[in-house]
>>> print(open('run-v6.tsv').read())   # TSV, N, CA and C atoms
chain	number	residue	atom	x	y	z
H	163	MET	N	-2.55	3.95	-22.55
H	163	MET	CA	-2.52	3.03	-21.44
H	163	MET	C	-2.81	1.60	-21.92
H	164	ARG	N	-3.72	1.49	-22.85
H	164	ARG	CA	-4.06	0.15	-23.33
H	164	ARG	C	-2.88	-0.50	-24.05
H	165	HIS	N	-2.08	0.33	-24.72
H	165	HIS	CA	-0.91	-0.20	-25.42
H	165	HIS	C	0.11	-0.74	-24.41
H	166	LEU	N	0.30	0.02	-23.35
H	166	LEU	CA	1.24	-0.40	-22.31
H	166	LEU	C	0.75	-1.67	-21.63
H	167	ALA	N	-0.55	-1.73	-21.36
H	167	ALA	CA	-1.11	-2.92	-20.72
H	167	ALA	C	-0.90	-4.16	-21.60
H	168	ALA	N	-1.14	-4.02	-22.88
H	168	ALA	CA	-0.94	-5.15	-23.80
H	168	ALA	C	0.53	-5.53	-23.86
H	169	TYR	N	1.42	-4.55	-23.88
H	169	TYR	CA	2.86	-4.79	-23.90
H	169	TYR	C	3.28	-5.58	-22.66
H	170	LEU	N	2.78	-5.14	-21.50
H	170	LEU	CA	3.13	-5.83	-20.25
H	170	LEU	C	2.55	-7.24	-20.20
H	171	LEU	N	1.34	-7.42	-20.73
H	171	LEU	CA	0.76	-8.77	-20.79
H	171	LEU	C	1.62	-9.70	-21.64
H	172	LEU	N	2.10	-9.18	-22.74
H	172	LEU	CA	2.97	-9.99	-23.60
H	172	LEU	C	4.26	-10.36	-22.88
H	173	GLN	N	4.82	-9.41	-22.14
H	173	GLN	CA	6.05	-9.70	-21.40
H	173	GLN	C	5.80	-10.74	-20.31
H	174	ILE	N	4.70	-10.60	-19.61
H	174	ILE	CA	4.38	-11.59	-18.56
H	174	ILE	C	4.17	-12.96	-19.19
H	175	GLY	N	3.63	-12.97	-20.40
H	175	GLY	CA	3.39	-14.22	-21.11
H	175	GLY	C	4.64	-14.87	-21.68
H	176	GLY	N	5.78	-14.20	-21.56
H	176	GLY	CA	7.03	-14.81	-22.00
H	176	GLY	C	7.69	-14.16	-23.20
H	177	ASN	N	7.06	-13.17	-23.80
H	177	ASN	CA	7.66	-12.47	-24.93
H	177	ASN	C	8.53	-11.34	-24.38
H	178	ALA	N	9.85	-11.54	-24.37
H	178	ALA	CA	10.76	-10.58	-23.75
H	178	ALA	C	10.82	-9.25	-24.48
H	179	SER	N	10.54	-9.25	-25.77
H	179	SER	CA	10.63	-8.02	-26.56
H	179	SER	C	9.47	-7.95	-27.54
H	180	PRO	N	8.27	-7.60	-27.06
H	180	PRO	CA	7.10	-7.54	-27.94
H	180	PRO	C	7.24	-6.47	-29.03
H	181	THR	N	6.74	-6.78	-30.19
H	181	THR	CA	6.75	-5.84	-31.31
H	181	THR	C	5.40	-5.13	-31.41
H	182	ALA	N	5.33	-4.16	-32.28
H	182	ALA	CA	4.07	-3.45	-32.49
H	182	ALA	C	2.99	-4.40	-33.00
H	183	ASP	N	3.37	-5.34	-33.86
H	183	ASP	CA	2.40	-6.31	-34.37
H	183	ASP	C	1.86	-7.21	-33.26
H	184	ASP	N	2.75	-7.58	-32.32
H	184	ASP	CA	2.30	-8.40	-31.18
H	184	ASP	C	1.26	-7.65	-30.35
H	185	VAL	N	1.53	-6.38	-30.09
H	185	VAL	CA	0.61	-5.57	-29.29
H	185	VAL	C	-0.71	-5.41	-30.03
H	186	LYS	N	-0.66	-5.21	-31.36
H	186	LYS	CA	-1.88	-5.07	-32.16
H	186	LYS	C	-2.72	-6.34	-32.09
H	187	LYS	N	-2.06	-7.50	-32.11
H	187	LYS	CA	-2.80	-8.77	-32.03
H	187	LYS	C	-3.52	-8.90	-30.70
H	188	VAL	N	-2.86	-8.52	-29.61
H	188	VAL	CA	-3.49	-8.60	-28.29
H	188	VAL	C	-4.68	-7.66	-28.22
H	189	LEU	N	-4.49	-6.43	-28.66
H	189	LEU	CA	-5.58	-5.46	-28.63
H	189	LEU	C	-6.71	-5.87	-29.56
H	190	GLY	N	-6.37	-6.40	-30.73
H	190	GLY	CA	-7.37	-6.85	-31.68
H	190	GLY	C	-8.20	-8.01	-31.15
H	191	ALA	N	-7.60	-8.83	-30.30
H	191	ALA	CA	-8.31	-9.99	-29.74
H	191	ALA	C	-9.47	-9.56	-28.86
H	192	VAL	N	-9.41	-8.34	-28.32
H	192	VAL	CA	-10.50	-7.86	-27.48
H	192	VAL	C	-11.26	-6.72	-28.14
H	193	GLY	N	-11.04	-6.54	-29.46
H	193	GLY	CA	-11.81	-5.57	-30.22
H	193	GLY	C	-11.36	-4.12	-30.08
H	194	ILE	N	-10.09	-3.91	-29.75
H	194	ILE	CA	-9.57	-2.55	-29.61
H	194	ILE	C	-8.62	-2.27	-30.75
H	195	GLU	N	-8.80	-1.11	-31.39
H	195	GLU	CA	-7.90	-0.70	-32.46
H	195	GLU	C	-6.69	0.00	-31.88
H	196	ALA	N	-5.52	-0.32	-32.37
H	196	ALA	CA	-4.29	0.29	-31.88
H	196	ALA	C	-4.07	1.63	-32.57
H	197	ASP	N	-3.59	2.60	-31.82
H	197	ASP	CA	-3.20	3.90	-32.36
H	197	ASP	C	-1.74	3.78	-32.79
H	198	GLU	N	-1.53	3.79	-34.11
H	198	GLU	CA	-0.19	3.56	-34.67
H	198	GLU	C	0.88	4.47	-34.07
H	199	GLU	N	0.58	5.75	-33.99
H	199	GLU	CA	1.56	6.73	-33.52
H	199	GLU	C	1.97	6.46	-32.08
H	200	ARG	N	0.98	6.26	-31.22
H	200	ARG	CA	1.27	6.00	-29.81
H	200	ARG	C	1.98	4.67	-29.62
H	201	LEU	N	1.57	3.69	-30.40
H	201	LEU	CA	2.18	2.37	-30.29
H	201	LEU	C	3.65	2.40	-30.70
H	202	GLU	N	3.93	3.07	-31.79
H	202	GLU	CA	5.32	3.17	-32.25
H	202	GLU	C	6.18	3.92	-31.23
H	203	LYS	N	5.61	4.97	-30.64
H	203	LYS	CA	6.35	5.73	-29.62
H	203	LYS	C	6.64	4.85	-28.41
H	204	LEU	N	5.65	4.07	-27.98
H	204	LEU	CA	5.83	3.19	-26.84
H	204	LEU	C	6.92	2.15	-27.13
H	205	ILE	N	6.84	1.52	-28.28
H	205	ILE	CA	7.82	0.49	-28.64
H	205	ILE	C	9.22	1.09	-28.69
H	206	SER	N	9.35	2.27	-29.28
H	206	SER	CA	10.68	2.89	-29.38
H	206	SER	C	11.21	3.31	-28.01
H	207	GLU	N	10.34	3.75	-27.12
H	207	GLU	CA	10.77	4.17	-25.78
H	207	GLU	C	11.18	2.97	-24.92
H	208	LEU	N	10.52	1.84	-25.11
H	208	LEU	CA	10.81	0.67	-24.29
H	208	LEU	C	11.84	-0.27	-24.90
H	209	ASP	N	12.22	-0.02	-26.13
H	209	ASP	CA	13.16	-0.91	-26.83
H	209	ASP	C	14.49	-1.00	-26.09
H	210	GLY	N	14.86	-2.23	-25.72
H	210	GLY	CA	16.14	-2.47	-25.06
H	210	GLY	C	16.16	-2.15	-23.58
H	211	LYS	N	15.03	-1.81	-23.00
H	211	LYS	CA	14.99	-1.47	-21.57
H	211	LYS	C	14.29	-2.57	-20.80
H	212	ASP	N	14.72	-2.73	-19.56
H	212	ASP	CA	14.11	-3.71	-18.66
H	212	ASP	C	12.87	-3.07	-18.02
H	213	VAL	N	11.70	-3.62	-18.32
H	213	VAL	CA	10.45	-3.05	-17.84
H	213	VAL	C	10.39	-3.10	-16.31
H	214	ASN	N	10.90	-4.17	-15.71
H	214	ASN	CA	10.87	-4.26	-14.25
H	214	ASN	C	11.68	-3.15	-13.61
H	215	ALA	N	12.82	-2.81	-14.21
H	215	ALA	CA	13.64	-1.72	-13.69
H	215	ALA	C	12.92	-0.38	-13.87
H	216	LEU	N	12.22	-0.21	-14.99
H	216	LEU	CA	11.47	1.03	-15.21
H	216	LEU	C	10.33	1.19	-14.21
H	217	ILE	N	9.67	0.08	-13.90
H	217	ILE	CA	8.58	0.12	-12.92
H	217	ILE	C	9.13	0.46	-11.54
H	218	ALA	N	10.25	-0.15	-11.17
H	218	ALA	CA	10.87	0.14	-9.87
H	218	ALA	C	11.30	1.60	-9.79
H	219	GLU	N	11.86	2.12	-10.87
H	219	GLU	CA	12.29	3.52	-10.91
H	219	GLU	C	11.08	4.45	-10.77
H	220	GLY	N	10.01	4.13	-11.47
H	220	GLY	CA	8.80	4.93	-11.38
H	220	GLY	C	8.17	4.89	-10.01
H	221	SER	N	8.20	3.73	-9.37
H	221	SER	CA	7.66	3.61	-8.02
H	221	SER	C	8.45	4.46	-7.04
H	222	ALA	N	9.77	4.49	-7.21
H	222	ALA	CA	10.60	5.31	-6.33
H	222	ALA	C	10.28	6.79	-6.52
H	223	LYS	N	10.04	7.19	-7.76
H	223	LYS	CA	9.68	8.59	-8.02
H	223	LYS	C	8.32	8.93	-7.42
H	224	LEU	N	7.36	8.01	-7.52
H	224	LEU	CA	6.04	8.26	-6.97
H	224	LEU	C	6.04	8.32	-5.45
H	225	ALA	N	6.97	7.63	-4.82
H	225	ALA	CA	7.04	7.63	-3.37
H	225	ALA	C	7.36	9.02	-2.84
H	226	SER	N	8.04	9.83	-3.63
H	226	SER	CA	8.40	11.17	-3.18
H	226	SER	C	7.32	12.21	-3.46
H	227	VAL	N	6.26	11.83	-4.15
H	227	VAL	CA	5.19	12.76	-4.48
H	227	VAL	C	4.19	12.80	-3.32
H	228	PRO	N	3.85	13.99	-2.84
H	228	PRO	CA	2.84	14.06	-1.78
H	228	PRO	C	1.50	13.54	-2.31
H	229	SER	N	0.83	12.75	-1.51
H	229	SER	CA	-0.40	12.12	-1.98
H	229	SER	C	-1.63	12.67	-1.31
H	230	GLY	N	-1.57	13.87	-0.80
H	230	GLY	CA	-2.75	14.46	-0.18
H	230	GLY	C	-3.04	13.79	1.14
H	231	GLY	N	-4.23	13.90	1.59
H	231	GLY	CA	-4.62	13.28	2.85
H	231	GLY	C	-4.23	14.09	4.06
H	232	ALA	N	-3.27	14.98	3.92
H	232	ALA	CA	-2.88	15.82	5.03
H	232	ALA	C	-3.88	16.95	5.14
H	233	VAL	N	-4.42	17.14	6.32
H	233	VAL	CA	-5.42	18.17	6.54
H	233	VAL	C	-4.77	19.32	7.29
H	234	ALA	N	-4.89	20.48	6.75
H	234	ALA	CA	-4.34	21.66	7.42
H	234	ALA	C	-5.21	22.00	8.61
H	235	ALA	N	-4.58	22.31	9.73
H	235	ALA	CA	-5.32	22.68	10.93
H	235	ALA	C	-5.94	24.05	10.72
H	236	PRO	N	-7.19	24.21	11.12
H	236	PRO	CA	-7.82	25.53	10.95
H	236	PRO	C	-7.16	26.55	11.87
H	237	ALA	N	-7.17	27.79	11.45
H	237	ALA	CA	-6.60	28.86	12.26
H	237	ALA	C	-7.41	28.99	13.54
H	238	ALA	N	-6.71	29.23	14.63
H	238	ALA	CA	-7.38	29.34	15.93
H	238	ALA	C	-8.25	30.58	15.94
H	239	GLY	N	-9.51	30.38	16.30
H	239	GLY	CA	-10.45	31.49	16.39
H	239	GLY	C	-10.36	32.14	17.76
H	240	GLY	N	-10.96	33.26	17.90
H	240	GLY	CA	-10.92	33.93	19.19
H	240	GLY	C	-11.96	33.38	20.13
H	241	GLY	N	-11.60	33.19	21.37
H	241	GLY	CA	-12.56	32.85	22.42
H	241	GLY	C	-13.02	31.41	22.41
H	242	GLY	N	-14.32	31.22	22.75
H	242	GLY	CA	-14.82	29.89	22.99
H	242	GLY	C	-15.58	29.30	21.82
H	243	GLY	N	-15.23	29.61	20.59
H	243	GLY	CA	-15.93	29.07	19.43
H	243	GLY	C	-15.43	27.72	19.00
H	244	GLY	N	-14.53	27.09	19.73
H	244	GLY	CA	-13.91	25.84	19.33
H	244	GLY	C	-14.82	24.64	19.44
H	245	ALA	N	-15.80	24.64	20.31
H	245	ALA	CA	-16.64	23.48	20.53
H	245	ALA	C	-17.70	23.33	19.43
H	246	ALA	N	-18.15	24.40	18.85
H	246	ALA	CA	-19.21	24.33	17.86
H	246	ALA	C	-18.83	23.51	16.63
H	247	PRO	N	-17.64	23.68	16.03
H	247	PRO	CA	-17.29	22.85	14.87
H	247	PRO	C	-17.21	21.36	15.21
H	248	ALA	N	-16.73	21.04	16.39
H	248	ALA	CA	-16.64	19.64	16.79
H	248	ALA	C	-18.02	19.02	16.92
H	249	GLU	N	-18.96	19.78	17.47
H	249	GLU	CA	-20.33	19.28	17.61
H	249	GLU	C	-20.99	19.10	16.25
H	250	ALA	N	-20.73	20.02	15.35
H	250	ALA	CA	-21.31	19.92	14.01
H	250	ALA	C	-20.77	18.70	13.29
H	251	ALA	N	-19.48	18.42	13.44
H	251	ALA	CA	-18.88	17.25	12.80
H	251	ALA	C	-19.48	15.97	13.37
H	252	ALA	N	-19.70	15.93	14.69
H	252	ALA	CA	-20.29	14.75	15.32
H	252	ALA	C	-21.72	14.54	14.82
H	253	ALA	N	-22.46	15.63	14.66
H	253	ALA	CA	-23.83	15.53	14.17
H	253	ALA	C	-23.86	15.01	12.74
H	254	GLU	N	-22.91	15.45	11.90
H	254	GLU	CA	-22.85	14.97	10.52
H	254	GLU	C	-22.55	13.48	10.47
H	255	GLU	N	-21.66	13.01	11.35
H	255	GLU	CA	-21.33	11.58	11.37
H	255	GLU	C	-22.56	10.76	11.73
H	256	LYS	N	-23.36	11.23	12.71
H	256	LYS	CA	-24.56	10.51	13.11
H	256	LYS	C	-25.56	10.45	11.96
H	257	GLU	N	-25.69	11.57	11.21
H	257	GLU	CA	-26.61	11.59	10.08
H	257	GLU	C	-26.15	10.62	8.99
H	258	GLU	N	-24.85	10.56	8.74
H	258	GLU	CA	-24.33	9.66	7.72
H	258	GLU	C	-24.60	8.21	8.10
H	259	LYS	N	-24.37	7.88	9.36
H	259	LYS	CA	-24.63	6.51	9.82
H	259	LYS	C	-26.10	6.17	9.69
H	260	LYS	N	-26.96	7.11	10.02
H	260	LYS	CA	-28.40	6.89	9.93
H	260	LYS	C	-28.81	6.67	8.47
H	261	GLU	N	-28.26	7.46	7.54
H	261	GLU	CA	-28.57	7.30	6.13
H	261	GLU	C	-28.10	5.95	5.61
H	262	GLU	N	-26.92	5.50	6.03
H	262	GLU	CA	-26.41	4.21	5.59
H	262	GLU	C	-27.34	3.10	6.05
H	263	LYS	N	-27.85	3.20	7.26
H	263	LYS	CA	-28.75	2.18	7.79
H	263	LYS	C	-30.04	2.15	6.98
H	264	GLU	N	-30.56	3.32	6.64
H	264	GLU	CA	-31.79	3.38	5.85
H	264	GLU	C	-31.59	2.75	4.48
H	265	GLU	N	-30.44	2.97	3.86
H	265	GLU	CA	-30.17	2.40	2.55
H	265	GLU	C	-30.10	0.88	2.60
H	266	SER	N	-29.53	0.35	3.67
H	266	SER	CA	-29.38	-1.10	3.76
H	266	SER	C	-30.73	-1.78	3.97
H	267	ASP	N	-31.71	-1.07	4.54
H	267	ASP	CA	-33.03	-1.64	4.75
H	267	ASP	C	-33.83	-1.68	3.45
H	268	ASP	N	-33.40	-0.98	2.44
H	268	ASP	CA	-34.15	-0.87	1.19
H	268	ASP	C	-33.67	-1.91	0.18
H	269	ASP	N	-33.76	-3.21	0.57
H	269	ASP	CA	-33.30	-4.27	-0.33
H	269	ASP	C	-34.44	-4.91	-1.11
H	270	MET	N	-35.65	-4.38	-0.99
H	270	MET	CA	-36.81	-4.82	-1.75
H	270	MET	C	-37.17	-6.29	-1.49
H	271	GLY	N	-36.80	-6.80	-0.36
H	271	GLY	CA	-37.22	-8.14	0.01
H	271	GLY	C	-36.36	-9.27	-0.50
H	272	PHE	N	-35.30	-9.02	-1.19
H	272	PHE	CA	-34.43	-10.08	-1.64
H	272	PHE	C	-32.98	-9.60	-1.61
H	273	GLY	N	-32.08	-10.55	-1.48
H	273	GLY	CA	-30.66	-10.22	-1.45
H	273	GLY	C	-29.99	-10.56	-2.76
H	274	LEU	N	-28.77	-10.15	-2.86
H	274	LEU	CA	-28.01	-10.39	-4.08
H	274	LEU	C	-27.74	-11.87	-4.32
H	275	PHE	N	-27.57	-12.64	-3.26
H	275	PHE	CA	-27.20	-14.06	-3.41
H	275	PHE	C	-28.31	-15.00	-2.99
H	276	ASP	N	-29.55	-14.54	-2.98
H	276	ASP	CA	-30.67	-15.42	-2.61
H	276	ASP	C	-31.02	-16.37	-3.71
>>> encode(input="run-v6.tsv", output="structure tokens")
Amino acid sequence: MRHLAAYLLLQIGGNASPTADDVKKVLGAVGIEADEERLEKLISELDGKDVNALIAEGSAKLASVPSGGAVAAPAAGGGGGGAAPAEAAAAEEKEEKKEEKEESDDDMGFGLFD
């Protein structure tokens, strides 16, 4: 990832076709050693390709990947047991809010920007 980040920084900086040595210089400037094998693979894979087009293509592929967040509805139980889970969830929310308030009061008498 660091190799790709350095490559993209070089491109943003105006170097349309960064070399392995260019990427090594960027990484070396911040004290990171380049992995020769990974760097050579990255350079060979990106050689002659438009990075903006690759990013757009990757974004389109990611858009089709489910990103979670969908909650499956619980199976309907028998009878009148439906109210108990809702009450328990409401009680948990109240406890969380109460805990957050307690944490904010524990500032030891000074603020971050005092």
>>> closest_residue(input="run-v6.tsv", among="H:Ala222, H:Ile194, H:Val188, H:Ser179", to="H:Asp209", atoms="only N, CA and C atoms")
H:Ser179
>>> atom_distance(input="run-v6.tsv", atom1="atom N of H:Glu195", atom2="atom N of H:Arg164")
10.3 Å
>>> residues_near_point(input="run-v6.tsv", point="(-1.0, -1.1, -34.8)", cutoff="8 Å", atoms="only C-alpha atoms", output="PyMOL selection string")
chain H and resi 182-183+185-186+195-198+201
>>> atom_distance(input="run-v6.tsv", atom1="atom CA of H:Ser226", atom2="atom C of H:Asn214")
18.0 Å
